[in-house]
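Text of the file data-v9.tsv, holding TSV, C-alpha atoms:
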```
chain	number	residue	atom	x	y	z
N	11	MET	CA	0.00	0.00	0.00
N	12	GLU	CA	1.28	3.47	-0.92
N	13	LYS	CA	1.87	5.43	2.28
N	14	LYS	CA	0.15	8.80	2.48
N	15	LEU	CA	0.38	11.91	4.64
N	16	PHE	CA	-3.07	12.80	6.00
N	17	PHE	CA	-4.10	16.20	7.31
N	18	PHE	CA	-7.48	16.65	9.01
N	19	ASP	CA	-9.34	19.82	9.89
N	20	ILE	CA	-10.93	19.68	13.36
N	21	ASP	CA	-14.33	21.39	13.67
N	22	GLY	CA	-16.93	19.87	11.36
N	23	THR	CA	-14.44	17.30	10.11
N	24	LEU	CA	-13.09	15.32	13.05
N	25	THR	CA	-15.63	16.72	15.50
N	26	ASP	CA	-19.41	17.11	15.49
N	27	ARG	CA	-20.12	20.85	15.46
N	28	LYS	CA	-23.28	20.33	17.55
N	29	THR	CA	-21.66	18.40	20.38
N	30	ARG	CA	-18.02	19.42	19.83
N	31	GLU	CA	-17.13	15.79	20.44
N	32	ILE	CA	-14.83	13.70	18.25
N	33	VAL	CA	-16.84	11.53	15.86
N	34	PRO	CA	-16.14	7.94	17.02
N	35	SER	CA	-15.70	6.52	13.51
N	36	ALA	CA	-13.26	9.33	12.70
N	37	LYS	CA	-11.09	8.52	15.71
N	38	ARG	CA	-11.12	4.84	14.80
N	39	THR	CA	-10.11	5.72	11.23
N	40	LEU	CA	-7.11	7.68	12.49
N	41	GLU	CA	-6.04	4.61	14.45
N	42	LEU	CA	-6.39	2.38	11.39
N	43	LEU	CA	-4.46	4.80	9.18
N	44	GLN	CA	-1.57	4.85	11.65
N	45	GLU	CA	-1.63	1.07	11.95
N	46	ASN	CA	-1.19	0.93	8.18
N	47	GLY	CA	1.90	3.14	8.37
N	48	HIS	CA	0.44	6.43	7.13
N	49	PHE	CA	1.48	9.81	8.57
N	50	VAL	CA	-1.57	11.32	10.31
N	51	SER	CA	-1.88	14.93	11.44
N	52	ILE	CA	-4.45	17.53	12.34
N	53	ALA	CA	-4.36	20.83	10.45
N	54	THR	CA	-5.82	23.77	12.33
N	55	GLY	CA	-5.70	27.51	12.71
N	56	ARG	CA	-5.63	27.14	16.49
N	57	ALA	CA	-2.52	27.96	18.47
N	58	HIS	CA	-0.21	25.12	19.45
N	59	TYR	CA	-1.01	25.31	23.17
N	60	LYS	CA	-4.76	25.02	22.48
N	61	CYS	CA	-4.41	21.70	20.65
N	62	ARG	CA	-2.16	19.61	22.89
N	63	ASN	CA	-5.02	17.97	24.79
N	64	LEU	CA	-6.90	17.24	21.57
N	65	LEU	CA	-3.79	15.68	20.05
N	66	ASP	CA	-3.56	13.33	23.01
N	67	GLU	CA	-7.28	12.56	22.84
N	68	LEU	CA	-6.96	11.63	19.17
N	69	GLY	CA	-3.89	9.49	19.80
N	70	LEU	CA	-1.78	11.56	17.41
N	71	GLU	CA	1.74	12.98	17.57
N	72	ASN	CA	1.64	15.38	14.61
N	73	MET	CA	-0.12	18.61	13.76
N	74	VAL	CA	-0.08	21.70	11.64
N	75	CYS	CA	-1.29	24.52	13.87
N	76	SER	CA	-1.15	28.29	14.43
N	77	GLY	CA	-2.71	28.91	11.02
N	78	GLY	CA	-0.07	26.81	9.28
N	79	MET	CA	2.93	28.51	10.88
N	80	GLY	CA	3.25	25.91	13.63
N	81	VAL	CA	4.35	22.31	13.02
N	82	VAL	CA	4.52	19.46	15.53
N	83	ILE	CA	6.17	16.18	14.50
N	84	GLU	CA	6.38	13.22	16.88
N	85	ASN	CA	5.16	15.50	19.71
N	86	LYS	CA	7.97	18.01	19.15
N	87	LEU	CA	7.21	21.61	18.15
N	88	VAL	CA	9.63	22.00	15.23
N	89	LYS	CA	8.29	25.33	13.98
N	90	ASN	CA	6.19	28.20	15.35
N	91	THR	CA	6.64	31.38	13.35
N	92	PRO	CA	5.45	34.74	14.74
N	93	LEU	CA	3.76	37.44	12.68
N	94	ASP	CA	5.76	39.93	10.64
N	95	LYS	CA	6.49	42.34	13.46
N	96	GLU	CA	6.69	45.50	11.38
N	97	GLU	CA	3.27	44.99	9.82
N	98	ALA	CA	1.72	43.78	13.09
N	99	VAL	CA	2.90	46.87	14.96
N	100	ALA	CA	1.64	49.10	12.15
N	101	VAL	CA	-1.86	47.55	12.29
N	102	ILE	CA	-1.93	47.76	16.09
N	103	ARG	CA	-0.89	51.43	16.00
N	104	GLN	CA	-3.59	52.12	13.44
N	105	ALA	CA	-6.20	50.51	15.70
N	106	GLU	CA	-5.00	52.45	18.74
N	107	GLU	CA	-5.23	55.74	16.83
N	108	LYS	CA	-8.88	54.94	16.07
N	109	GLY	CA	-9.69	54.12	19.69
N	110	ILE	CA	-9.99	50.37	19.11
N	111	GLY	CA	-9.10	48.11	22.04
N	112	VAL	CA	-6.17	45.73	21.48
N	113	LEU	CA	-4.89	42.55	23.14
N	114	VAL	CA	-1.56	41.03	22.04
N	115	ALA	CA	-0.24	37.46	22.40
N	116	LEU	CA	3.54	37.48	22.72
N	117	ASP	CA	4.09	33.74	23.11
N	118	ASP	CA	2.45	30.33	22.78
N	119	SER	CA	0.09	30.63	25.75
N	120	GLU	CA	-3.23	32.08	26.90
N	121	LYS	CA	-1.48	35.27	28.11
N	122	VAL	CA	-2.39	38.56	26.41
N	123	TYR	CA	-0.90	41.99	26.96
N	124	ALA	CA	-2.14	45.56	26.55
N	125	GLN	CA	-1.35	49.11	27.60
N	126	ASN	CA	-4.92	49.63	28.80
N	127	ASP	CA	-8.13	47.67	29.39
N	128	LEU	CA	-9.98	49.24	26.48
N	129	PHE	CA	-10.61	45.90	24.77
N	130	ARG	CA	-12.65	44.49	27.67
N	131	GLN	CA	-14.38	47.83	28.21
N	132	GLN	CA	-15.55	47.80	24.58
N	133	VAL	CA	-16.48	44.14	23.98
N	134	GLY	CA	-16.00	42.28	27.26
N	135	PRO	CA	-13.59	39.42	27.98
N	136	ARG	CA	-12.06	37.28	25.26
N	137	GLN	CA	-14.34	34.27	24.69
N	138	GLU	CA	-11.78	31.65	25.68
N	139	PRO	CA	-9.51	31.05	28.70
N	140	THR	CA	-7.29	34.11	29.03
N	141	GLU	CA	-4.74	35.57	31.43
N	142	TYR	CA	-4.64	39.38	31.13
N	143	PHE	CA	-1.58	41.58	31.69
N	144	ILE	CA	-2.54	45.26	31.61
N	145	ASP	CA	0.38	47.66	32.07
N	146	SER	CA	0.47	51.35	31.10
N	147	ALA	CA	4.21	50.97	30.42
N	148	PHE	CA	3.64	48.19	27.86
N	149	ASN	CA	5.26	49.18	24.55
N	150	ILE	CA	4.42	47.00	21.57
N	151	ALA	CA	7.46	48.25	19.64
N	152	GLU	CA	9.80	46.79	22.27
N	153	VAL	CA	8.51	43.19	22.28
N	154	GLU	CA	10.48	40.43	20.59
N	155	ASN	CA	7.65	38.51	18.92
N	156	ILE	CA	3.94	38.91	18.19
N	157	TYR	CA	2.08	35.66	17.54
N	158	LYS	CA	-1.42	37.08	17.21
N	159	PHE	CA	-3.50	40.00	18.39
N	160	TYR	CA	-7.13	40.81	18.96
N	161	LEU	CA	-9.02	43.98	17.97
N	162	ALA	CA	-12.33	45.09	19.52
N	163	LEU	CA	-13.77	45.55	16.06
N	164	SER	CA	-17.42	44.85	15.29
N	165	LYS	CA	-18.63	43.72	11.87
N	166	GLU	CA	-19.85	47.26	11.19
N	167	GLN	CA	-16.40	48.65	11.99
N	168	ASP	CA	-14.46	46.05	10.01
N	169	HIS	CA	-13.67	48.51	7.22
N	170	LEU	CA	-11.66	50.67	9.64
N	171	ILE	CA	-8.73	48.23	9.53
N	172	PRO	CA	-7.63	47.14	6.01
N	173	GLU	CA	-6.72	43.49	5.36
N	174	PRO	CA	-3.04	42.90	6.28
N	175	LYS	CA	-0.67	41.58	3.62
N	176	SER	CA	1.31	38.97	5.55
N	177	PHE	CA	-1.43	37.61	7.86
N	178	ALA	CA	-5.22	37.55	8.10
N	179	LYS	CA	-8.11	39.20	9.92
N	180	LEU	CA	-10.32	36.37	11.18
N	181	ARG	CA	-13.71	36.69	12.83
N	182	PHE	CA	-15.10	33.80	14.88
N	183	VAL	CA	-17.37	35.91	17.10
N	184	PRO	CA	-19.35	39.08	16.26
N	185	GLU	CA	-17.65	41.27	18.85
N	186	TYR	CA	-13.99	41.19	17.82
N	187	ILE	CA	-11.45	39.95	15.28
N	188	MET	CA	-8.24	37.98	15.60
N	189	CYS	CA	-5.20	38.78	13.49
N	190	GLN	CA	-3.01	35.73	12.88
N	191	HIS	CA	-1.55	33.46	10.22
N	192	ASP	CA	-4.08	31.67	8.01
N	193	ASN	CA	-2.15	29.37	5.68
N	194	LYS	CA	-2.51	25.70	6.58
N	195	LYS	CA	-1.09	24.80	3.16
N	196	GLN	CA	2.30	26.21	4.16
N	197	GLY	CA	2.36	23.97	7.22
N	198	ILE	CA	1.68	20.95	5.01
N	199	LEU	CA	4.52	21.96	2.69
N	200	ASP	CA	6.82	22.30	5.69
N	201	VAL	CA	5.97	18.73	6.75
N	202	LEU	CA	6.76	17.49	3.24
N	203	ASP	CA	10.12	19.29	3.34
N	204	TYR	CA	10.86	17.77	6.75
N	205	PHE	CA	10.37	14.23	5.43
N	206	GLY	CA	11.46	14.82	1.84
N	207	ARG	CA	8.12	13.59	0.48
N	208	PRO	CA	6.35	14.61	-2.77
N	209	GLN	CA	3.12	16.63	-2.79
N	210	LYS	CA	1.23	13.84	-4.51
N	211	ASP	CA	1.38	11.81	-1.27
N	212	VAL	CA	-0.79	14.32	0.64
N	213	VAL	CA	-4.48	13.82	1.49
N	214	VAL	CA	-6.47	16.59	3.19
N	215	PHE	CA	-9.96	16.55	4.71
N	216	GLY	CA	-12.01	19.67	5.46
N	217	ASP	CA	-15.44	21.21	5.64
N	218	ASP	CA	-15.32	25.03	5.75
N	219	VAL	CA	-14.00	28.07	3.90
N	220	ASN	CA	-10.88	28.20	6.08
N	221	ASP	CA	-9.89	24.87	4.51
N	222	LEU	CA	-9.90	26.27	0.98
N	223	VAL	CA	-6.24	27.26	1.29
N	224	MET	CA	-5.16	23.64	1.85
N	225	PHE	CA	-7.24	22.19	-1.00
N	226	ASP	CA	-4.68	21.96	-3.78
N	227	LYS	CA	-4.62	20.11	-7.11
N	228	ALA	CA	-1.12	18.85	-6.33
N	229	TRP	CA	-2.63	16.37	-3.87
N	230	THR	CA	-5.93	14.70	-2.91
N	231	SER	CA	-8.52	17.00	-1.33
N	232	ILE	CA	-11.64	15.51	0.26
N	233	ALA	CA	-14.63	17.56	1.40
N	234	MET	CA	-17.04	16.30	4.02
N	235	GLY	CA	-20.68	15.87	3.05
N	236	ASN	CA	-21.50	18.67	5.49
N	237	ALA	CA	-18.94	21.01	3.87
N	238	VAL	CA	-19.77	24.39	2.37
N	239	ASP	CA	-20.47	24.35	-1.36
N	240	GLU	CA	-17.38	26.44	-2.12
N	241	LEU	CA	-15.15	23.75	-0.67
N	242	LYS	CA	-17.06	20.90	-2.30
N	243	SER	CA	-16.55	22.50	-5.71
N	244	LYS	CA	-12.78	22.55	-5.16
N	245	ALA	CA	-12.57	18.98	-3.81
N	246	ASP	CA	-11.38	15.90	-5.68
N	247	TYR	CA	-13.98	13.88	-3.81
N	248	VAL	CA	-16.97	14.64	-1.58
N	249	THR	CA	-17.59	12.01	1.08
N	250	ASP	CA	-20.51	11.55	3.48
N	251	ARG	CA	-21.22	13.88	6.38
N	252	ASN	CA	-18.68	13.61	9.17
N	253	VAL	CA	-21.29	12.28	11.61
N	254	ASP	CA	-22.30	9.68	9.00
N	255	ASP	CA	-18.82	8.10	8.99
N	256	GLY	CA	-17.58	10.31	6.15
N	257	ILE	CA	-13.89	9.99	7.00
N	258	TYR	CA	-14.07	6.24	7.49
N	259	ASN	CA	-16.03	5.72	4.27
N	260	ALA	CA	-13.64	7.79	2.17
N	261	CYS	CA	-10.57	6.01	3.52
N	262	ARG	CA	-12.19	2.65	2.82
N	263	LYS	CA	-13.16	3.71	-0.71
N	264	PHE	CA	-9.58	4.71	-1.59
N	265	GLY	CA	-8.07	1.63	0.05
N	266	TRP	CA	-6.09	3.50	2.70
N	267	ILE	CA	-7.57	1.32	5.44
```

Kindly present the structure from the file in structure tokens form.
Amino acid sequence: MEKKLFFFDIDGTLTDRKTREIVPSAKRTLELLQENGHFVSIATGRAHYKCRNLLDELGLENMVCSGGMGVVIENKLVKNTPLDKEEAVAVIRQAEEKGIGVLVALDDSEKVYAQNDLFRQQVGPRQEPTEYFIDSAFNIAEVENIYKFYLALSKEQDHLIPEPKSFAKLRFVPEYIMCQHDNKKQGILDVLDYFGRPQKDVVVFGDDVNDLVMFDKAWTSIAMGNAVDELKSKADYVTDRNVDDGIYNACRKFGWI
């Protein structure tokens, strides 16, 4: 059997969006793929520290994370690239000039930093576990790295901050946006470089628009039956819904398990 490198999106692919639980047949499929000698990884926009427990729960040792700029191989973080500092500082300064609250992540953790508490005053706490460090002496220009930052920017205000060139503005909640890397394809390419493997050996599974970037004609792209139409139209194959054993059925169809 030809050995493949598999990359799975999380929400709506490996997990049921309604329950947020891992689909049992999906987890079993990951086990079978590994037993057959395939490389198996998750591919997510989430930060590295947010995914460690999930990686253990899935029984995996590999992941592309941090929007493609983080790579874990055999449980070792081999890459975690921060944002382009010059552009990040420029966007943050622009937001501050317009009175928009800012929170900045300087490392791979739930810690965020700011010069004032304007972000929480404008939109409330960040909607995930967070440790806040508010210091009037905080100077963004003096930090070493910026991994992501949050802007208290509503949908109606979105036009106030133009789209960055080297990273993305992502909105997962109505109240604010997150500026971070959004290129899972690059993480996949980094894994290929690490092992010296060709692109044709890659198989990706996804369900939403954030997976479009990793659907590439150089490899096999599979959309879940519950995927958005835009992703299905770009896929090489559309399988069943994730909760209807879509991952298992696809891997059986192609003979990978």

How close does range 49-127 of chain N get to range 198-220 of chain N? List, as CSV, each residue of range 49-127 of chain N within 12 Å, its nearest atom pair and the distance in Å to one decimal, counting all atoms listed in the file.
```
residue,atom,partner,partner_atom,distance
N:Phe49,CA,N:Val212,CA,9.4
N:Val50,CA,N:Val213,CA,9.6
N:Ser51,CA,N:Ile198,CA,9.5
N:Ile52,CA,N:Val214,CA,9.4
N:Ala53,CA,N:Ile198,CA,8.1
N:Thr54,CA,N:Asn220,CA,9.2
N:Gly55,CA,N:Asn220,CA,8.4
N:Arg56,CA,N:Asn220,CA,11.7
N:Asn72,CA,N:Val201,CA,9.6
N:Met73,CA,N:Ile198,CA,9.2
N:Val74,CA,N:Ile198,CA,6.9
N:Cys75,CA,N:Ile198,CA,10.0
N:Gly77,CA,N:Asn220,CA,9.6
N:Gly78,CA,N:Ile198,CA,7.5
N:Met79,CA,N:Asp200,CA,9.0
N:Gly80,CA,N:Asp200,CA,9.4
N:Val81,CA,N:Val201,CA,7.4
N:Val82,CA,N:Val201,CA,8.9
N:Ile83,CA,N:Val201,CA,8.2
N:Glu84,CA,N:Val201,CA,11.5
N:Leu87,CA,N:Val201,CA,11.8
N:Val88,CA,N:Tyr204,CA,9.6
N:Lys89,CA,N:Asp200,CA,8.9
N:Asn90,CA,N:Asp200,CA,11.3
N:Thr91,CA,N:Asp200,CA,11.9
```

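Summary of the local environment: counting only C-alpha atoms, residues at most 10 Å from Leu24 in chain N, other than itself and those fewer than 5 positions away along its chain, are Phe18, Asp19, Arg30, Glu31, Ile32, Val33, Pro34, Ser35, Ala36, Lys37, Leu40, Ile52, Leu68, Phe215, Gly216, Asp217, Met234, Asn252, Val253, Gly256 and Ile257 of chain N.
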
Include C-alpha atoms and write out the residues we just selected as a PDB file, in the coordinates of the input.
```pdb
ATOM      1  CA  PHE N  18      -7.480  16.650   9.010  1.00  0.00           C
ATOM      2  CA  ASP N  19      -9.340  19.820   9.890  1.00  0.00           C
ATOM      3  CA  ARG N  30     -18.020  19.420  19.830  1.00  0.00           C
ATOM      4  CA  GLU N  31     -17.130  15.790  20.440  1.00  0.00           C
ATOM      5  CA  ILE N  32     -14.830  13.700  18.250  1.00  0.00           C
ATOM      6  CA  VAL N  33     -16.840  11.530  15.860  1.00  0.00           C
ATOM      7  CA  PRO N  34     -16.140   7.940  17.020  1.00  0.00           C
ATOM      8  CA  SER N  35     -15.700   6.520  13.510  1.00  0.00           C
ATOM      9  CA  ALA N  36     -13.260   9.330  12.700  1.00  0.00           C
ATOM     10  CA  LYS N  37     -11.090   8.520  15.710  1.00  0.00           C
ATOM     11  CA  LEU N  40      -7.110   7.680  12.490  1.00  0.00           C
ATOM     12  CA  ILE N  52      -4.450  17.530  12.340  1.00  0.00           C
ATOM     13  CA  LEU N  68      -6.960  11.630  19.170  1.00  0.00           C
ATOM     14  CA  PHE N 215      -9.960  16.550   4.710  1.00  0.00           C
ATOM     15  CA  GLY N 216     -12.010  19.670   5.460  1.00  0.00           C
ATOM     16  CA  ASP N 217     -15.440  21.210   5.640  1.00  0.00           C
ATOM     17  CA  MET N 234     -17.040  16.300   4.020  1.00  0.00           C
ATOM     18  CA  ASN N 252     -18.680  13.610   9.170  1.00  0.00           C
ATOM     19  CA  VAL N 253     -21.290  12.280  11.610  1.00  0.00           C
ATOM     20  CA  GLY N 256     -17.580  10.310   6.150  1.00  0.00           C
ATOM     21  CA  ILE N 257     -13.890   9.990   7.000  1.00  0.00           C
TER      22      ILE N 257
END
```

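The interatomic distance for the pair CA of Asp255 in chain N and CA of Phe16 in chain N works out to 16.7 Å.
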
>> Residues within 12 Å of (-13.0, 16.9, -4.0), file coordinates, counting all atoms listed in the file: what are they? Give the list as a PyMOL selection string.
In response: chain N and resi 213-217+222+224-227+229-235+237-250+260

How would the residues just chosen look if you wrote them out with C-alpha atoms as a PDB file, in the coordinates of the input?
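Result file follows (again17.pdb):
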```pdb
ATOM      1  CA  VAL N 213      -4.480  13.820   1.490  1.00  0.00           C
ATOM      2  CA  VAL N 214      -6.470  16.590   3.190  1.00  0.00           C
ATOM      3  CA  PHE N 215      -9.960  16.550   4.710  1.00  0.00           C
ATOM      4  CA  GLY N 216     -12.010  19.670   5.460  1.00  0.00           C
ATOM      5  CA  ASP N 217     -15.440  21.210   5.640  1.00  0.00           C
ATOM      6  CA  LEU N 222      -9.900  26.270   0.980  1.00  0.00           C
ATOM      7  CA  MET N 224      -5.160  23.640   1.850  1.00  0.00           C
ATOM      8  CA  PHE N 225      -7.240  22.190  -1.000  1.00  0.00           C
ATOM      9  CA  ASP N 226      -4.680  21.960  -3.780  1.00  0.00           C
ATOM     10  CA  LYS N 227      -4.620  20.110  -7.110  1.00  0.00           C
ATOM     11  CA  TRP N 229      -2.630  16.370  -3.870  1.00  0.00           C
ATOM     12  CA  THR N 230      -5.930  14.700  -2.910  1.00  0.00           C
ATOM     13  CA  SER N 231      -8.520  17.000  -1.330  1.00  0.00           C
ATOM     14  CA  ILE N 232     -11.640  15.510   0.260  1.00  0.00           C
ATOM     15  CA  ALA N 233     -14.630  17.560   1.400  1.00  0.00           C
ATOM     16  CA  MET N 234     -17.040  16.300   4.020  1.00  0.00           C
ATOM     17  CA  GLY N 235     -20.680  15.870   3.050  1.00  0.00           C
ATOM     18  CA  ALA N 237     -18.940  21.010   3.870  1.00  0.00           C
ATOM     19  CA  VAL N 238     -19.770  24.390   2.370  1.00  0.00           C
ATOM     20  CA  ASP N 239     -20.470  24.350  -1.360  1.00  0.00           C
ATOM     21  CA  GLU N 240     -17.380  26.440  -2.120  1.00  0.00           C
ATOM     22  CA  LEU N 241     -15.150  23.750  -0.670  1.00  0.00           C
ATOM     23  CA  LYS N 242     -17.060  20.900  -2.300  1.00  0.00           C
ATOM     24  CA  SER N 243     -16.550  22.500  -5.710  1.00  0.00           C
ATOM     25  CA  LYS N 244     -12.780  22.550  -5.160  1.00  0.00           C
ATOM     26  CA  ALA N 245     -12.570  18.980  -3.810  1.00  0.00           C
ATOM     27  CA  ASP N 246     -11.380  15.900  -5.680  1.00  0.00           C
ATOM     28  CA  TYR N 247     -13.980  13.880  -3.810  1.00  0.00           C
ATOM     29  CA  VAL N 248     -16.970  14.640  -1.580  1.00  0.00           C
ATOM     30  CA  THR N 249     -17.590  12.010   1.080  1.00  0.00           C
ATOM     31  CA  ASP N 250     -20.510  11.550   3.480  1.00  0.00           C
ATOM     32  CA  ALA N 260     -13.640   7.790   2.170  1.00  0.00           C
TER      33      ALA N 260
END
```

Within 10 Å of range 177-196 of chain N: each range 65-165 of chain N residue with its shortest pair, only C-alpha atoms, as a tab-separated table:
```
residue	atom	partner	partner_atom	distance
N:Val74	CA	N:Lys194	CA	6.9
N:Cys75	CA	N:Lys194	CA	7.5
N:Ser76	CA	N:His191	CA	6.7
N:Gly77	CA	N:Asp192	CA	4.3
N:Gly78	CA	N:Lys194	CA	3.8
N:Met79	CA	N:His191	CA	6.7
N:Gly80	CA	N:Lys194	CA	9.1
N:Val81	CA	N:Gln196	CA	9.9
N:Thr91	CA	N:His191	CA	9.0
N:Pro92	CA	N:His191	CA	8.4
N:Leu93	CA	N:Gln190	CA	7.0
N:Asp94	CA	N:Phe177	CA	8.1
N:Glu97	CA	N:Phe177	CA	9.0
N:Ala98	CA	N:Cys189	CA	8.5
N:Val101	CA	N:Cys189	CA	9.5
N:Ile102	CA	N:Cys189	CA	9.9
N:Gly111	CA	N:Tyr186	CA	9.5
N:Val112	CA	N:Tyr186	CA	9.8
N:Leu113	CA	N:Met188	CA	9.4
N:Val114	CA	N:Cys189	CA	9.6
N:Phe129	CA	N:Tyr186	CA	9.1
N:Gln132	CA	N:Glu185	CA	8.9
N:Val133	CA	N:Glu185	CA	6.0
N:Gly134	CA	N:Glu185	CA	8.6
N:Arg136	CA	N:Tyr186	CA	8.6
N:Gln137	CA	N:Val183	CA	8.3
N:Ile156	CA	N:Gln190	CA	9.3
N:Tyr157	CA	N:Gln190	CA	6.9
N:Lys158	CA	N:Gln190	CA	4.8
N:Phe159	CA	N:Cys189	CA	5.3
N:Tyr160	CA	N:Met188	CA	4.5
N:Leu161	CA	N:Ile187	CA	5.4
N:Ala162	CA	N:Tyr186	CA	4.6
N:Leu163	CA	N:Tyr186	CA	4.7
N:Ser164	CA	N:Glu185	CA	5.1
N:Lys165	CA	N:Pro184	CA	6.4
```

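Closest approach to Phe143 in chain N among N:His169, N:Lys121, N:Lys95, N:Arg251 is made by N:Lys121 (distances from all atoms listed in the file).
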
> Which neighbours of Gly47 in chain N fall inside 12 Å, counting only C-alpha atoms, when residues of the same chain fewer than 5 positions from it are skipped, and could you give them as a list in words?
Replying inline: Met11, Glu12, Lys13, Lys14, Leu15, Phe16, Leu40, Glu41, Leu42, Trp266 and Ile267 of chain N

Generate the output file for the selected residues, C-alpha atoms, as a PDB file, keeping the file's coordinate frame.
```
ATOM      1  CA  MET N  11       0.000   0.000   0.000  1.00  0.00           C
ATOM      2  CA  GLU N  12       1.280   3.470  -0.920  1.00  0.00           C
ATOM      3  CA  LYS N  13       1.870   5.430   2.280  1.00  0.00           C
ATOM      4  CA  LYS N  14       0.150   8.800   2.480  1.00  0.00           C
ATOM      5  CA  LEU N  15       0.380  11.910   4.640  1.00  0.00           C
ATOM      6  CA  PHE N  16      -3.070  12.800   6.000  1.00  0.00           C
ATOM      7  CA  LEU N  40      -7.110   7.680  12.490  1.00  0.00           C
ATOM      8  CA  GLU N  41      -6.040   4.610  14.450  1.00  0.00           C
ATOM      9  CA  LEU N  42      -6.390   2.380  11.390  1.00  0.00           C
ATOM     10  CA  TRP N 266      -6.090   3.500   2.700  1.00  0.00           C
ATOM     11  CA  ILE N 267      -7.570   1.320   5.440  1.00  0.00           C
TER      12      ILE N 267
END
```

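Straight-line separation from CA of Glu154 in chain N to CA of Gln131 in chain N: 27.0 Å.
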
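Between CA of Cys61 in chain N and CA of Asp127 in chain N the separation is 27.7 Å.
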
> Which one of N:Asn85, N:Asn149, N:Thr140, N:Thr23 sits closest to Ser119 in chain N if you count only C-alpha atoms?
Replying inline: N:Thr140

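Remark: for Pro174 in chain N, the closest of the candidate residues N:Gln104, N:Asp221, N:Ala151, N:Tyr123 is N:Gln104 (distances computed over all atoms listed in the file).
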
> With all atoms listed in the file as the atoms that count, which of N:Glu120, N:Gln125, N:Gly22, N:Leu70 lies nearest to Ile144 in chain N?
Replying inline: N:Gln125

> Restricting the calculation to all atoms listed in the file, which member of N:Lys86, N:Thr39, N:Ala228, N:Asn46 is positioned closest to Gly69 in chain N?
Replying inline: N:Thr39

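Restricting the calculation to all atoms listed in the file, the smallest distance between Asp118 in chain N and any of N:Asn155, N:Asn63, N:Asn236, N:Thr25 is found for N:Asn155.
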